[in-house]
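S.K.: The structure is given below, and queries will be raised subsequently.
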Amino acid sequence: MLNTATYKFSLFPLCLMMAFGAGAVIAEVQMPAEEYRRLDTFEAHTLSRADESFNNRNYRRAAVEYDSFLLEFPRSRAVPYALLRKARCLHLDNQRFEAMREYRELLDYFPNETQYAAPALYYIGLAHWQNRDEQEAMTAWARMAEDPEYRKHTLAADAINRLAAYFRGRDQLERAVNYYRQVAVDFRRSNRRAARNAIGEVIPFYIRHRMSEPDLRKFYQEAQGFDRNPQSIPDELDNDRRYWNHVRQNVERNGRFTDVQRQQSDRYYRYWAEQLEGRFEDNDDYQLQLANFHRNYERDTARWIERLDKQFERGFKEGDFNRIIRWIRLFAGNRGKVDQYYNKIDFTKMNNSQIRSLMETFYGSIGDARVARNIFNHLRIRDMTDDEKESLVQYMAGRDESVVEPLCRSFEDEDRGKMVLLNFYSGKRDVDNALPLADELSNSERFAEAAIWIKATLLQGVRRFDEAIMAFRQSNRAPDNFWQIASCYASMGQIDRALQQYREIESFFENQAPEARLRAARLFRDAGQRDRYVAELRSVLARYPDSRQSSTAHLELERLGETRLLGGVDAD
C-alpha cells in the first residue's frame with residue numbers, strides 16, 4: 001500500500017511554515033453511520049461515550065475511554081477508528097510525540113483501512129509540521145501523495161498543496177505544478193476549496209512560465225474547467241467561448257512585465273496573440289483585448305487603430321450610439337480618432353441615457369469640459385424623472401455649478417427640488433443662498449426637519465450662535481440638538497448656560513449621561529478653572545464608574561497629578 005521510499009528535504013522556509021498554524025480548523029474524521037449500526041450494543045455504547053467526550057473537547061478523558069474500548073474489544077471492526085481517535089486526543093492535547101506513536105500503530109496494523117490510515121499519515125505530517133520538523137512533515141505528505149489510495153482521501157488535498165508550496169518556494173516549479181495539478185484534478189468535486197487554490201497556481205505556470213496553450217487546454221479538460229464549480233467540458237475546444245475567454249483573461253492577468261523584461265514581454269504577447277487569433281469576430285471584448293495583445297509586442301499604433309476600426313465596422317448597426325461612445329472611450333488620448341467617432345453622433349436620435357453617457361465620457365476619459373458642457377445642452381430635461389434629475393445634479397455639482405439651480409428648479413416635486421438645492425448650497429457652505437431655501441422649506445411636511453437642521457448648522461458654522469440656538473430649538477432631533485446648543489453656548493463663553501444644557505442631557509438621556517458629565521468638566525478646563533474641572537472629573541468617576549468616560553476622566557486626573565482619584569468635592 002505505502003511507498004516506503006525515503007524522502008529527504010532541506011529545511012522548509014519559516015515564512016511558509018508559519019502559513020499553516022496549529023490552530024487551523026480541520027474537520028475530524030467520523031465513523032460512517034452504517035458502520036456504527038453494525039457494532040453490537042456494548043461496543044456502540046462504549047464508543048459513543050468516548051465520542052461524546054471527544055466532541056466536548058475533553059480530550060484526556062476521551063483518550064482514556066478510547067483506550068478502554070481498545071482493551072475491551074480488541075477484535076472490533078471499530079478498532080482502527082478508536083486508534084485514530086485516541087491518537088487525535090493526544091494530538092489535540094499537544095502530546096504530539098505520543099500521538100505519532102499511536103498514528104504509526106494504526107498504519108502498521110491497519111494500512112488498508114484507508115478511511116482511517118490515510119488521516120493517520122496526514123496527521124503525522126501535521127504533528128511534525130507543528131514541531132517545526134519540516135523534513136519529516138514533507139516525508140509523510142510525500143508518501144501520502146504517492147500512495148494510490150491515500151492520495152484520494154479528502155485530507156490529502158491539504159497535504160499535497162503544502163508539498164506543492166514547498167517546491168514552489170524552492171523554485172522547483174515543474175514539481176510544484178505536478179502536485180497542484182494532482183489536487184486540482186483529484187479533488188475538483190470532493191474538496192473544491194483546495195482544488196480552486198490549486199487551479200489558481202497551475203494556470204500561471206502554463207500561461208507565463210511555459211507559455212503552452214496545449215498544456216493549458218489539457219489541464220482545463222482534466223480539471224473540468226476553471227470556473228468556481230466544475231463544468232462539463234466538450235472534447236473539442238477550438239470554438240469554445242468559455243475556454244478562450246478564460247485564456248485571454250489569464251493572459252491579461254499574468255502579463256505584467258518590467259521595463260527590463262521587454263524581450264520576454266514581446267515573446268509572451270506574440271505567442272498568446274497567435275493562439276487567440278482567428279476566433280469570435282462577433283465578440284468585441286475578445287477582439288479588443290486581442291488588439292491590445294498585438295499592440296504590446298508590435299508597438300504599432302496605426303495597426304492597433306486599424307484593428308479597432310475594423311472591429312467597429314463588423315458590429316455596427318445604424319443608430320448604435322452606445323457602440324460609438326465605447327469607441328470614443330477606447331481612443332481617449334487620440335483626439336483625431338475621438339473627433340472622427342464624435343462626428344458619427346446624431347443627438348436627435350439619442351435618448352437621455354446615451355447623451356449623459358457621452359457627456360460623462362468627455363468629462364472623464366477625454367477630459368474636455370467644453371465639449372461635455374455642450375453635450376449637456378442636448379439633454380432633454382423635460383423628459384427626465386425627478387430621480388434622474390437628482391442624479392444629474394449630483395454629477396454636475398463638481399463640474400459645472402451653473403446648471404445646478406436650473407435643474408433643481410425644474411423638478412416636478414418642487415419641495416424635493418428645493419431640498420436637493422439646499423443640500424448643494426449647504427455642502428458649499430453658501431449661507432446666503434442656503435438660508436432662504438431653508439426658510440422656504442420650514443413648512444414642508446417632508447423636508448422641514450432636515451432644512452431646519454441644515455440652517456442651524458450653517459449658522460453655527462459662521463458663528464451666528466444666537467440664531468443657531470433658536471434654529472436648533474426648533475429641531476426635533478433630541479438629544480443631538482441639545483449637544484449643539486451646549487456647544488454654541490460654550491463657543492460664546494457662556495459657561496453656566498452650556499453647563500445647564502449638559503445637565504439637562506444628563507438628566508433626561510441616560511445613555512448620554514456620562515458623556516454630558518465629561519463635557520461639562522471640559523467646560524471648566526477650557527475656561528482655566530482647574531478646581532471645578534477636577535471636581536467634575538471626580539464626579540464622572542463616582543457617578544459612572546463602569547463607563548468609557550470614567551476611564552477617560554481617570555487618565556485626565558492622573559495627568560493633572562491628582563492622586564486622590566475617588567471622592568472629593570461634589571461638583572453639584
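Residue numbers start at 1 in each chain; chains themselves are named A, B, ... in the order of the C-alpha cells; ligands are numbered from 1 in the order shown.
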If you take only C-alpha atoms and a cut-off of 12 Å, which residues of segment 111-152 of chain A touch segment 67-87 of chain A, and what are their nearest atom pairs and distances in Å to one decimal, in chain and number order, as JSON lines?
M.R.:
```
{"residue": "A:Pro111", "atom": "CA", "partner": "A:Pro80", "partner_atom": "CA", "distance": 9.6}
{"residue": "A:Asn112", "atom": "CA", "partner": "A:Pro80", "partner_atom": "CA", "distance": 10.2}
{"residue": "A:Glu113", "atom": "CA", "partner": "A:Pro80", "partner_atom": "CA", "distance": 7.3}
{"residue": "A:Thr114", "atom": "CA", "partner": "A:Pro80", "partner_atom": "CA", "distance": 9.8}
{"residue": "A:Gln115", "atom": "CA", "partner": "A:Tyr81", "partner_atom": "CA", "distance": 8.8}
{"residue": "A:Tyr116", "atom": "CA", "partner": "A:Tyr81", "partner_atom": "CA", "distance": 6.2}
{"residue": "A:Ala117", "atom": "CA", "partner": "A:Pro80", "partner_atom": "CA", "distance": 7.8}
{"residue": "A:Ala118", "atom": "CA", "partner": "A:Leu84", "partner_atom": "CA", "distance": 10.2}
{"residue": "A:Pro119", "atom": "CA", "partner": "A:Leu84", "partner_atom": "CA", "distance": 8.1}
{"residue": "A:Ala120", "atom": "CA", "partner": "A:Leu84", "partner_atom": "CA", "distance": 6.6}
{"residue": "A:Leu121", "atom": "CA", "partner": "A:Leu84", "partner_atom": "CA", "distance": 10.4}
{"residue": "A:Tyr122", "atom": "CA", "partner": "A:Leu84", "partner_atom": "CA", "distance": 11.4}
{"residue": "A:Tyr123", "atom": "CA", "partner": "A:Ala87", "partner_atom": "CA", "distance": 9.2}
{"residue": "A:Ile124", "atom": "CA", "partner": "A:Ala87", "partner_atom": "CA", "distance": 9.9}
{"residue": "A:Ala127", "atom": "CA", "partner": "A:Ala87", "partner_atom": "CA", "distance": 11.0}
```
S.K.: Hey, what's within 12 Å of Thr361 of chain A if we count only C-alpha atoms and toss same-chain stuff fewer than 2 positions away? As a PyMOL selection string, please?
M.R.: chain A and resi 322+324-332+338+342+354-359+363-369+371-373+375-376
S.K.: Just the number, please: distance in Å from atom CA of Arg170 of chain A to atom CA of Leu126 of chain A, one decimal.
M.R.: 20.3 Å
S.K.: Would you please work out which residue, of A:Met419, A:Ile485, A:Leu518, A:Ala527, is nearest to Glu449 of chain A when using only C-alpha atoms?
M.R.: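 Ranked by minimum distance to Glu449 of chain A, first place goes to A:Met419.
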S.K.: Could you name the residues that touch Glu414 of chain A at 12 Å or less, counting only C-alpha atoms, but leaving out those on the same chain fewer than 2 positions away, as a list of chain:residue names?
M.R.: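 Everything that qualifies: A:Asp386, A:Pro406, A:Leu407, A:Cys408, A:Arg409, A:Ser410, A:Phe411, A:Glu412, A:Arg416, A:Gly417, A:Lys418, A:Met419, A:Val420, A:Leu421, A:Leu437, A:Glu440, A:Leu441, A:Ser444, A:Arg446, A:Phe447.
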S.K.: For the structure I just gave you, how does DSSP split segment 179-306 of chain A - specifically, which residues are helix (DSSP H, G or I)? Reply as a VMD selection string.
M.R.: chain A and resid 179 to 186 192 to 209 213 to 222 241 to 253 259 to 276 284 to 298 301 to 306
S.K.: Would you kindly return, as a JSON list (two decimals) with C-alpha atoms, in the first residue's frame, each protein, DNA or RNA residue with an atom no farther than 10 Å from any atom of Asn191 of chain A, considering only C-alpha atoms and excluding same-chain residues fewer than 2 positions away?
M.R.:
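So result37.json came out as:
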```
[["chain", "number", "residue", "atom", "x", "y", "z"],
["A", 153, "HIS", "CA", -8.65, 10.96, 0.91],
["A", 154, "THR", "CA", -10.01, 14.48, 1.40],
["A", 155, "LEU", "CA", -7.17, 15.35, 3.80],
["A", 156, "ALA", "CA", -4.65, 14.55, 1.08],
["A", 157, "ALA", "CA", -5.65, 17.74, -0.72],
["A", 158, "ASP", "CA", -4.19, 19.89, 2.02],
["A", 183, "VAL", "CA", -5.10, 18.33, -6.27],
["A", 184, "ALA", "CA", -7.00, 20.26, -8.94],
["A", 186, "ASP", "CA", -8.47, 14.61, -7.91],
["A", 187, "PHE", "CA", -10.39, 16.94, -5.58],
["A", 188, "ARG", "CA", -12.38, 19.08, -8.01],
["A", 189, "ARG", "CA", -15.66, 17.87, -6.52],
["A", 193, "ARG", "CA", -11.68, 24.92, -1.94],
["A", 194, "ALA", "CA", -8.37, 23.09, -2.22],
["A", 195, "ALA", "CA", -8.95, 22.38, -5.90],
["A", 196, "ARG", "CA", -9.66, 26.05, -6.68]]
```
S.K.: Residues within 8 Å of segment 250-253 of chain A, please, as number ranges by chain. Count only C-alpha atoms; anything in the same chain fewer than 5 positions from it doesn't count.
M.R.: A: 203-204, 207-208, 272
S.K.: Counting only C-alpha atoms, what is within 10 Å of Arg270 of chain A, bar same-chain residues fewer than 5 positions away, as number ranges by chain?
M.R.: A: 264-265, 275, 293-298
S.K.: What is the distance, in Å and to one decimal place, between atom CA of Asp235 of chain A and atom CA of Glu222 of chain A?
M.R.: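 If I compute the distance from atom CA of Asp235 of chain A to atom CA of Glu222 of chain A, I get 10.7 Å.
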S.K.: Rounded to one decimal place, report the atom CA of Glu556 of chain A-atom CA of Leu537 of chain A distance in Å.
M.R.: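 Atom CA of Leu537 of chain A lies at a distance of 7.9 Å from atom CA of Glu556 of chain A.
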S.K.: Give me the residues near Ala434 of chain A as a list in words, where near means some atom within 12 Å (using only C-alpha atoms) and where sequence neighbours in that chain fewer than 5 positions away do not count.
M.R.: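 Result of the neighbour search: Glu405, Lys418, Met419, Val420, Leu421, Leu422, Asn423, Phe424, Tyr425, Ser426, Gly427, Lys428, Arg429, Asp439, Glu440, Leu441, Ala451, Ile452, Trp453, Ile454, Lys455, Ala456, Thr457, Leu458 and Leu459 of chain A.
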S.K.: Which residue is closest to Thr139 of chain A? Choose from A:Leu163, A:Ala490, A:Ile199, A:Val260 and count only C-alpha atoms.
M.R.: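 So, comparing all the options, the nearest one is A:Leu163.
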S.K.: Mind dumping a table of every segment 447-474 of chain A residue within 12 Å of segment 494-514 of chain A, with the nearest atom pair and its distance in Å to one decimal, using only C-alpha atoms, sorted by chain and rising number, as a tab-separated table?
M.R.:
```
residue	atom	partner	partner_atom	distance
A:Phe465	CA	A:Gln494	CA	11.2
A:Asp466	CA	A:Gln494	CA	11.6
A:Ile469	CA	A:Ala498	CA	11.5
A:Arg473	CA	A:Gln501	CA	11.9
```
S.K.: Any chance you can output those residues with C-alpha atoms as a short mmCIF file (atom, residue, chain, number, x, y, z; two decimals), in the first residue's frame?
M.R.:
```cif
data_model
loop_
_atom_site.label_atom_id
_atom_site.label_comp_id
_atom_site.auth_asym_id
_atom_site.auth_seq_id
_atom_site.Cartn_x
_atom_site.Cartn_y
_atom_site.Cartn_z
CA PHE A 465 -24.74 81.46 17.64
CA ASP A 466 -27.91 83.15 18.89
CA ILE A 469 -29.57 78.19 19.04
CA ARG A 473 -34.51 74.58 19.47
#
```
